[in-house]
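Student: Sending over upload07.tsv (TSV, N, CA and C atoms).
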```tsv
chain	number	residue	atom	x	y	z
A	898	MET	N	113.05	82.07	156.59
A	898	MET	CA	114.05	81.02	156.70
A	898	MET	C	115.32	81.42	155.96
A	899	HIS	N	115.17	82.17	154.86
A	899	HIS	CA	116.34	82.58	154.10
A	899	HIS	C	117.29	83.40	154.98
A	900	ARG	N	116.74	84.28	155.82
A	900	ARG	CA	117.58	85.10	156.70
A	900	ARG	C	118.34	84.22	157.69
A	901	GLN	N	117.69	83.19	158.24
A	901	GLN	CA	118.38	82.29	159.16
A	901	GLN	C	119.54	81.61	158.45
A	902	ARG	N	119.36	81.22	157.21
A	902	ARG	CA	120.43	80.57	156.47
A	902	ARG	C	121.58	81.54	156.23
A	903	GLN	N	121.27	82.79	155.93
A	903	GLN	CA	122.32	83.78	155.74
A	903	GLN	C	123.09	84.01	157.04
A	904	ASP	N	122.39	84.13	158.16
A	904	ASP	CA	123.04	84.35	159.45
A	904	ASP	C	123.98	83.20	159.78
A	905	ALA	N	123.56	81.98	159.56
A	905	ALA	CA	124.41	80.82	159.84
A	905	ALA	C	125.64	80.83	158.95
A	906	ALA	N	125.49	81.27	157.72
A	906	ALA	CA	126.62	81.27	156.79
A	906	ALA	C	127.69	82.27	157.20
A	907	THR	N	127.31	83.35	157.83
A	907	THR	CA	128.29	84.38	158.18
A	907	THR	C	129.07	84.05	159.44
A	908	GLN	N	128.68	83.03	160.19
A	908	GLN	CA	129.33	82.70	161.44
A	908	GLN	C	130.16	81.42	161.37
A	909	ALA	N	130.52	80.95	160.20
A	909	ALA	CA	131.16	79.64	160.06
A	909	ALA	C	132.65	79.68	160.37
A	910	VAL	N	133.12	78.67	161.10
A	910	VAL	CA	134.54	78.44	161.35
A	910	VAL	C	134.78	76.94	161.26
A	911	HIS	N	136.04	76.50	161.17
A	911	HIS	CA	136.33	75.07	161.05
A	911	HIS	C	136.33	74.36	162.39
A	912	PHE	N	135.91	73.10	162.40
A	912	PHE	CA	135.99	72.22	163.55
A	912	PHE	C	136.08	70.81	163.04
A	913	HIS	N	136.36	69.86	163.93
A	913	HIS	CA	136.45	68.45	163.54
A	913	HIS	C	135.11	67.78	163.81
A	914	ALA	N	134.51	67.21	162.79
A	914	ALA	CA	133.24	66.50	162.93
A	914	ALA	C	133.51	65.10	163.47
A	915	ALA	N	132.45	64.38	163.77
A	915	ALA	CA	132.55	63.06	164.37
A	915	ALA	C	133.32	62.08	163.49
A	916	ASP	N	133.31	62.27	162.18
A	916	ASP	CA	133.94	61.31	161.27
A	916	ASP	C	135.35	61.73	160.83
A	917	ASP	N	136.04	62.56	161.62
A	917	ASP	CA	137.43	62.96	161.38
A	917	ASP	C	137.63	63.96	160.24
A	918	THR	N	136.59	64.42	159.60
A	918	THR	CA	136.77	65.41	158.55
A	918	THR	C	136.60	66.81	159.14
A	919	THR	N	137.18	67.79	158.51
A	919	THR	CA	137.04	69.15	158.98
A	919	THR	C	135.77	69.74	158.38
A	920	ARG	N	134.97	70.32	159.23
A	920	ARG	CA	133.69	70.90	158.81
A	920	ARG	C	133.60	72.32	159.37
A	921	SER	N	132.44	72.95	159.20
A	921	SER	CA	132.22	74.28	159.75
A	921	SER	C	131.01	74.27	160.68
A	922	GLU	N	131.08	75.14	161.67
A	922	GLU	CA	129.93	75.37	162.55
A	922	GLU	C	130.04	76.78	163.07
A	923	PRO	N	128.97	77.34	163.62
A	923	PRO	CA	129.05	78.69	164.15
A	923	PRO	C	130.16	78.81	165.19
A	924	SER	N	130.76	80.00	165.29
A	924	SER	CA	131.89	80.20	166.18
A	924	SER	C	131.51	80.15	167.66
A	925	CYS	N	130.27	80.38	167.98
A	925	CYS	CA	129.82	80.26	169.36
A	925	CYS	C	129.31	78.83	169.57
A	926	PRO	N	129.08	78.42	170.83
A	926	PRO	CA	128.65	77.04	171.06
A	926	PRO	C	127.19	76.79	170.72
A	927	VAL	N	126.73	77.33	169.59
A	927	VAL	CA	125.35	77.17	169.14
A	927	VAL	C	125.36	76.75	167.68
A	928	VAL	N	124.54	75.77	167.34
A	928	VAL	CA	124.37	75.34	165.96
A	928	VAL	C	122.92	75.61	165.58
A	929	GLU	N	122.70	76.33	164.50
A	929	GLU	CA	121.35	76.63	164.03
A	929	GLU	C	121.00	75.73	162.87
A	930	LEU	N	119.79	75.18	162.90
A	930	LEU	CA	119.29	74.29	161.86
A	930	LEU	C	117.98	74.84	161.31
A	931	ASP	N	117.67	74.50	160.07
A	931	ASP	CA	116.38	74.92	159.52
A	931	ASP	C	115.29	73.95	159.99
A	932	ALA	N	114.06	74.16	159.54
A	932	ALA	CA	112.92	73.35	160.00
A	932	ALA	C	113.02	71.89	159.58
A	933	GLN	N	113.83	71.58	158.57
A	933	GLN	CA	114.02	70.19	158.13
A	933	GLN	C	115.21	69.53	158.84
A	934	GLY	N	115.86	70.26	159.74
A	934	GLY	CA	117.00	69.69	160.46
A	934	GLY	C	118.29	69.75	159.67
A	935	GLN	N	118.44	70.73	158.80
A	935	GLN	CA	119.63	70.90	157.98
A	935	GLN	C	120.47	72.05	158.54
A	936	LEU	N	121.80	71.94	158.44
A	936	LEU	CA	122.69	73.01	158.85
A	936	LEU	C	123.69	73.30	157.75
A	937	LEU	N	124.21	74.52	157.76
A	937	LEU	CA	125.14	74.94	156.72
A	937	LEU	C	126.55	74.52	157.09
A	938	ILE	N	127.17	73.69	156.25
A	938	ILE	CA	128.54	73.22	156.46
A	938	ILE	C	129.31	73.44	155.16
A	939	ASP	N	130.37	74.22	155.25
A	939	ASP	CA	131.21	74.51	154.09
A	939	ASP	C	130.39	74.99	152.89
A	940	GLY	N	129.41	75.85	153.15
A	940	GLY	CA	128.61	76.44	152.09
A	940	GLY	C	127.51	75.56	151.53
A	941	ARG	N	127.31	74.36	152.10
A	941	ARG	CA	126.24	73.45	151.64
A	941	ARG	C	125.36	73.05	152.81
A	942	TRP	N	124.09	72.84	152.54
A	942	TRP	CA	123.17	72.38	153.57
A	942	TRP	C	123.32	70.88	153.75
A	943	GLN	N	123.55	70.46	154.99
A	943	GLN	CA	123.79	69.06	155.34
A	943	GLN	C	122.82	68.64	156.45
A	944	PRO	N	122.54	67.34	156.55
A	944	PRO	CA	121.66	66.87	157.63
A	944	PRO	C	122.34	67.01	159.00
A	945	TYR	N	121.54	67.16	160.03
A	945	TYR	CA	122.02	67.26	161.41
A	945	TYR	C	122.91	66.06	161.76
A	946	SER	N	122.62	64.91	161.18
A	946	SER	CA	123.38	63.69	161.49
A	946	SER	C	124.86	63.82	161.14
A	947	THR	N	125.22	64.80	160.31
A	947	THR	CA	126.62	65.02	159.94
A	947	THR	C	127.49	65.27	161.17
A	948	LEU	N	126.90	65.83	162.23
A	948	LEU	CA	127.65	66.15	163.44
A	948	LEU	C	127.86	64.95	164.35
A	949	PHE	N	127.28	63.80	163.99
A	949	PHE	CA	127.32	62.63	164.86
A	949	PHE	C	128.26	61.57	164.29
A	950	ASN	N	128.78	60.71	165.19
A	950	ASN	CA	129.65	59.63	164.73
A	950	ASN	C	128.81	58.52	164.08
A	951	ALA	N	129.49	57.57	163.46
A	951	ALA	CA	128.80	56.51	162.71
A	951	ALA	C	127.87	55.68	163.59
A	952	GLU	N	128.30	55.40	164.82
A	952	GLU	CA	127.47	54.61	165.72
A	952	GLU	C	126.16	55.32	166.04
A	953	ALA	N	126.23	56.61	166.34
A	953	ALA	CA	125.03	57.38	166.65
A	953	ALA	C	124.13	57.48	165.42
A	954	ARG	N	124.73	57.63	164.23
A	954	ARG	CA	123.92	57.68	163.00
A	954	ARG	C	123.23	56.35	162.76
A	955	ALA	N	123.93	55.23	163.01
A	955	ALA	CA	123.34	53.91	162.82
A	955	ALA	C	122.16	53.69	163.78
A	956	GLU	N	122.26	54.27	164.97
A	956	GLU	CA	121.17	54.17	165.95
A	956	GLU	C	120.05	55.17	165.68
A	957	ARG	N	120.24	56.03	164.66
A	957	ARG	CA	119.29	57.08	164.28
A	957	ARG	C	119.06	58.08	165.42
A	958	ARG	N	120.11	58.30	166.19
A	958	ARG	CA	120.04	59.22	167.32
A	958	ARG	C	119.74	60.66	166.90
A	959	PRO	N	120.37	61.19	165.83
A	959	PRO	CA	120.04	62.56	165.42
A	959	PRO	C	118.56	62.74	165.10
A	960	GLU	N	117.99	61.78	164.37
A	960	GLU	CA	116.58	61.86	164.02
A	960	GLU	C	115.69	61.81	165.26
A	961	GLU	N	116.08	60.98	166.23
A	961	GLU	CA	115.31	60.87	167.47
A	961	GLU	C	115.37	62.17	168.27
A	962	LEU	N	116.53	62.79	168.32
A	962	LEU	CA	116.65	64.07	169.03
A	962	LEU	C	115.79	65.14	168.37
A	963	LEU	N	115.80	65.19	167.04
A	963	LEU	CA	114.95	66.16	166.33
A	963	LEU	C	113.47	65.88	166.59
A	964	ARG	N	113.09	64.61	166.59
A	964	ARG	CA	111.69	64.25	166.84
A	964	ARG	C	111.27	64.68	168.24
A	965	LEU	N	112.12	64.40	169.23
A	965	LEU	CA	111.80	64.77	170.61
A	965	LEU	C	111.75	66.29	170.79
A	966	ALA	N	112.65	67.01	170.15
A	966	ALA	CA	112.63	68.47	170.24
A	966	ALA	C	111.36	69.03	169.60
A	967	ARG	N	110.95	68.46	168.44
A	967	ARG	CA	109.70	68.90	167.81
A	967	ARG	C	108.52	68.70	168.75
A	968	ARG	N	108.49	67.56	169.41
A	968	ARG	CA	107.35	67.21	170.26
A	968	ARG	C	107.33	67.97	171.59
A	969	HIS	N	108.51	68.09	172.23
A	969	HIS	CA	108.56	68.64	173.59
A	969	HIS	C	109.14	70.06	173.65
A	970	GLY	N	109.70	70.53	172.56
A	970	GLY	CA	110.27	71.88	172.56
A	970	GLY	C	111.75	71.92	172.91
A	971	LEU	N	112.20	71.01	173.78
A	971	LEU	CA	113.60	70.99	174.21
A	971	LEU	C	113.97	69.58	174.62
A	972	VAL	N	115.15	69.15	174.23
A	972	VAL	CA	115.67	67.84	174.64
A	972	VAL	C	117.15	68.01	174.97
A	973	ARG	N	117.60	67.32	176.01
A	973	ARG	CA	119.02	67.35	176.40
A	973	ARG	C	119.59	65.95	176.23
A	974	ASP	N	120.89	65.90	175.89
A	974	ASP	CA	121.54	64.61	175.69
A	974	ASP	C	123.05	64.78	175.81
A	975	CYS	N	123.75	63.67	175.86
A	975	CYS	CA	125.21	63.66	175.83
A	975	CYS	C	125.61	62.93	174.55
A	976	VAL	N	126.38	63.59	173.71
A	976	VAL	CA	126.80	63.03	172.43
A	976	VAL	C	128.33	63.03	172.36
A	977	ILE	N	128.88	62.28	171.41
A	977	ILE	CA	130.33	62.26	171.20
A	977	ILE	C	130.65	63.22	170.06
A	978	ARG	N	131.52	64.18	170.34
A	978	ARG	CA	131.99	65.13	169.32
A	978	ARG	C	133.50	65.22	169.42
A	979	ARG	N	134.13	65.52	168.33
A	979	ARG	CA	135.59	65.70	168.34
A	979	ARG	C	135.91	67.14	168.75
A	980	ASP	N	136.90	67.28	169.64
A	980	ASP	CA	137.31	68.61	170.06
A	980	ASP	C	138.26	69.22	169.03
A	981	GLY	N	138.83	70.38	169.33
A	981	GLY	CA	139.73	71.07	168.41
A	981	GLY	C	140.95	70.26	168.03
A	982	ASP	N	141.34	69.29	168.87
A	982	ASP	CA	142.49	68.44	168.58
A	982	ASP	C	142.09	67.15	167.86
A	983	GLY	N	140.80	67.00	167.56
A	983	GLY	CA	140.33	65.81	166.86
A	983	GLY	C	140.07	64.62	167.77
A	984	ILE	N	140.08	64.84	169.09
A	984	ILE	CA	139.87	63.76	170.06
A	984	ILE	C	138.38	63.64	170.37
A	985	PRO	N	137.79	62.43	170.23
A	985	PRO	CA	136.37	62.27	170.55
A	985	PRO	C	136.15	62.44	172.05
A	986	ARG	N	135.19	63.29	172.40
A	986	ARG	CA	134.86	63.54	173.81
A	986	ARG	C	133.35	63.65	173.96
A	987	PRO	N	132.84	63.23	175.13
A	987	PRO	CA	131.42	63.42	175.38
A	987	PRO	C	131.10	64.91	175.48
A	988	GLN	N	129.98	65.30	174.92
A	988	GLN	CA	129.56	66.70	174.95
A	988	GLN	C	128.08	66.76	175.31
A	989	ARG	N	127.76	67.51	176.33
A	989	ARG	CA	126.35	67.70	176.70
A	989	ARG	C	125.75	68.75	175.78
A	990	ILE	N	124.58	68.45	175.24
A	990	ILE	CA	123.89	69.39	174.35
A	990	ILE	C	122.44	69.55	174.78
A	991	ALA	N	121.84	70.64	174.33
A	991	ALA	CA	120.40	70.86	174.44
A	991	ALA	C	119.93	71.25	173.05
A	992	LEU	N	118.91	70.58	172.54
A	992	LEU	CA	118.35	70.87	171.22
A	992	LEU	C	116.96	71.47	171.41
A	993	GLN	N	116.78	72.69	170.93
A	993	GLN	CA	115.53	73.42	171.11
A	993	GLN	C	114.82	73.60	169.78
A	994	ALA	N	113.52	73.35	169.76
A	994	ALA	CA	112.71	73.63	168.58
A	994	ALA	C	112.33	75.11	168.61
A	995	LEU	N	112.45	75.79	167.48
A	995	LEU	CA	112.11	77.21	167.37
A	995	LEU	C	110.80	77.34	166.60
A	996	ARG	N	109.88	78.08	167.18
A	996	ARG	CA	108.56	78.24	166.56
A	996	ARG	C	108.23	79.71	166.41
A	997	ASP	N	107.44	80.04	165.39
A	997	ASP	CA	107.01	81.43	165.20
A	997	ASP	C	105.81	81.72	166.10
A	998	ALA	N	105.26	82.92	166.00
A	998	ALA	CA	104.15	83.34	166.86
A	998	ALA	C	102.90	82.47	166.69
A	999	GLN	N	102.75	81.85	165.53
A	999	GLN	CA	101.60	80.98	165.28
A	999	GLN	C	101.87	79.53	165.69
A	1000	GLY	N	103.05	79.25	166.18
A	1000	GLY	CA	103.39	77.90	166.61
A	1000	GLY	C	103.99	77.02	165.54
A	1001	LYS	N	104.25	77.58	164.36
A	1001	LYS	CA	104.83	76.80	163.25
A	1001	LYS	C	106.33	76.62	163.51
A	1002	LEU	N	106.81	75.39	163.31
A	1002	LEU	CA	108.23	75.10	163.46
A	1002	LEU	C	109.03	75.83	162.38
A	1003	VAL	N	110.02	76.63	162.80
A	1003	VAL	CA	110.83	77.38	161.84
A	1003	VAL	C	112.30	76.95	161.87
A	1004	GLY	N	112.68	76.14	162.85
A	1004	GLY	CA	114.06	75.68	162.91
A	1004	GLY	C	114.40	75.08	164.26
A	1005	PHE	N	115.68	74.82	164.45
A	1005	PHE	CA	116.19	74.26	165.70
A	1005	PHE	C	117.46	75.00	166.07
A	1006	ARG	N	117.78	74.95	167.34
A	1006	ARG	CA	119.04	75.51	167.84
A	1006	ARG	C	119.63	74.50	168.82
A	1007	GLU	N	120.88	74.12	168.57
A	1007	GLU	CA	121.59	73.21	169.48
A	1007	GLU	C	122.60	74.03	170.28
A	1008	PHE	N	122.53	73.90	171.60
A	1008	PHE	CA	123.47	74.57	172.49
A	1008	PHE	C	124.40	73.53	173.07
A	1009	ARG	N	125.69	73.82	173.08
A	1009	ARG	CA	126.64	72.98	173.80
A	1009	ARG	C	126.71	73.50	175.21
A	1010	MET	N	126.54	72.62	176.17
A	1010	MET	CA	126.55	73.01	177.58
A	1010	MET	C	127.91	72.68	178.17
A	1011	PHE	N	128.52	73.65	178.80
A	1011	PHE	CA	129.85	73.49	179.38
A	1011	PHE	C	129.77	73.47	180.89
A	1012	LYS	N	130.73	72.80	181.51
A	1012	LYS	CA	130.87	72.82	182.96
A	1012	LYS	C	131.54	74.15	183.33
A	1013	ALA	N	131.38	74.59	184.56
A	1013	ALA	CA	131.95	75.84	185.01
A	1013	ALA	C	133.46	75.88	184.84
A	1014	SER	N	134.13	74.74	184.93
A	1014	SER	CA	135.59	74.69	184.81
A	1014	SER	C	136.09	74.79	183.38
A	1015	GLU	N	135.20	74.69	182.37
A	1015	GLU	CA	135.61	74.72	180.96
A	1015	GLU	C	135.66	76.13	180.43
```
Using the file provided, produce a representation of the structure as structure tokens.

Tutor:
Amino acid sequence: MHRQRQDAATQAVHFHAADDTTRSEPSCPVVELDAQGQLLIDGRWQPYSTLFNAEARAERRPEELLRLARRHGLVRDCVIRRDGDGIPRPQRIALQALRDAQGKLVGFREFRMFKASE
């Protein structure tokens, strides 16, 4: 797990999070999380819910997505994220549970899915 944390730390760039603050995420459309659902933001481990707006956090949507990914291996959803200009926009995502050869959960990977025109 330490190597996964190091890899995530080396790929950080700034973006606008759901709550209007500037945060970091990997430069590609992939977010890597550890087995507890934490991601590296500005050099600190933060909960996955940090990427969601207040309404989604109040509905416990991040926790539900993590639960479904743990159970089924992959879950798809549409969430609200701020783009590079800080404008909230719907974003299609897929959250995948990552397991080792023995089936132990070792982390998660969130992919942003783009339309062909994007």

Student: Of the candidates A:Arg941, A:Arg979, A:Arg967, A:Arg1009, which shows the shortest atom-to-atom distance to A:Leu995, using only C-alpha atoms?

Tutor: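 Closest residue, counting only C-alpha atoms: A:Arg967.
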
Student: Determine, counting all atoms listed in the file, which protein, DNA and RNA residues have an atom within 6 Å of an atom of A:Gln993; residues of the same chain fewer than 6 positions away are not included. Present the result as a ChimeraX atom specification.

Tutor: /A:966,970-972,1004-1008

Student: Go ahead and compute the interatomic distance for atom C of A:Thr947 and atom C of A:Gly1000, in Å to one decimal.

Tutor: 26.6 Å

Student: So which one's closest to A:Pro944, A:Val1003, A:Asp980, A:Pro959, A:Asp997? Using only C-alpha atoms, please.

Tutor: A:Pro959

Student: Ranking A:Ala994, A:Ala953, A:Gln935, A:Val927 by minimum distance to A:Arg968 and counting only C-alpha atoms, which one comes first?

Tutor: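 Of the candidates, the smallest distance to A:Arg968 is held by A:Ala994.
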
Student: If I take atom CA of A:Gly940 and atom CA of A:Glu956, how far is one from the other in Å, to one decimal?

Tutor: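 Going from atom CA of A:Gly940 over to atom CA of A:Glu956, I get 27.3 Å.
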
Student: Extract the full set of helix (DSSP H, G or I) residues from stretch 952-1013 of chain A according to DSSP on the backbone, and format it as number ranges by chain.

Tutor: A: 952-955, 958-969

Student: Separation of atom C of A:Gln988 and atom C of A:Leu1002, in Å?

Tutor: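 Atom C of A:Gln988 sits 24.7 Å away from atom C of A:Leu1002.
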
Student: Report, as AutoDock Vina command-line options, the centre and edge lengths in Å (one decimal) of the axis-aligned box enclosing every listed atom of stretch 980-996 of chain A, padded by 6 Å on each side.

Tutor:
```
--center_x 125.4 --center_y 71.0 --center_z 171.6 --size_x 46.3 --size_y 29.4 --size_z 22.3
```

Student: Under the rule that only C-alpha atoms are counted, which of A:Met1010, A:Val928, A:Leu992, A:Gln999 is the nearest residue to A:Leu965?

Tutor: A:Leu992

Student: Please identify all polymer residues within 8 Å of A:Phe949, counting all atoms listed in the file, omitting same-chain residues fewer than 2 positions from it, and present them as a ChimeraX atom specification.

Tutor: /A:914-916,944-947,951-955,959,976-978
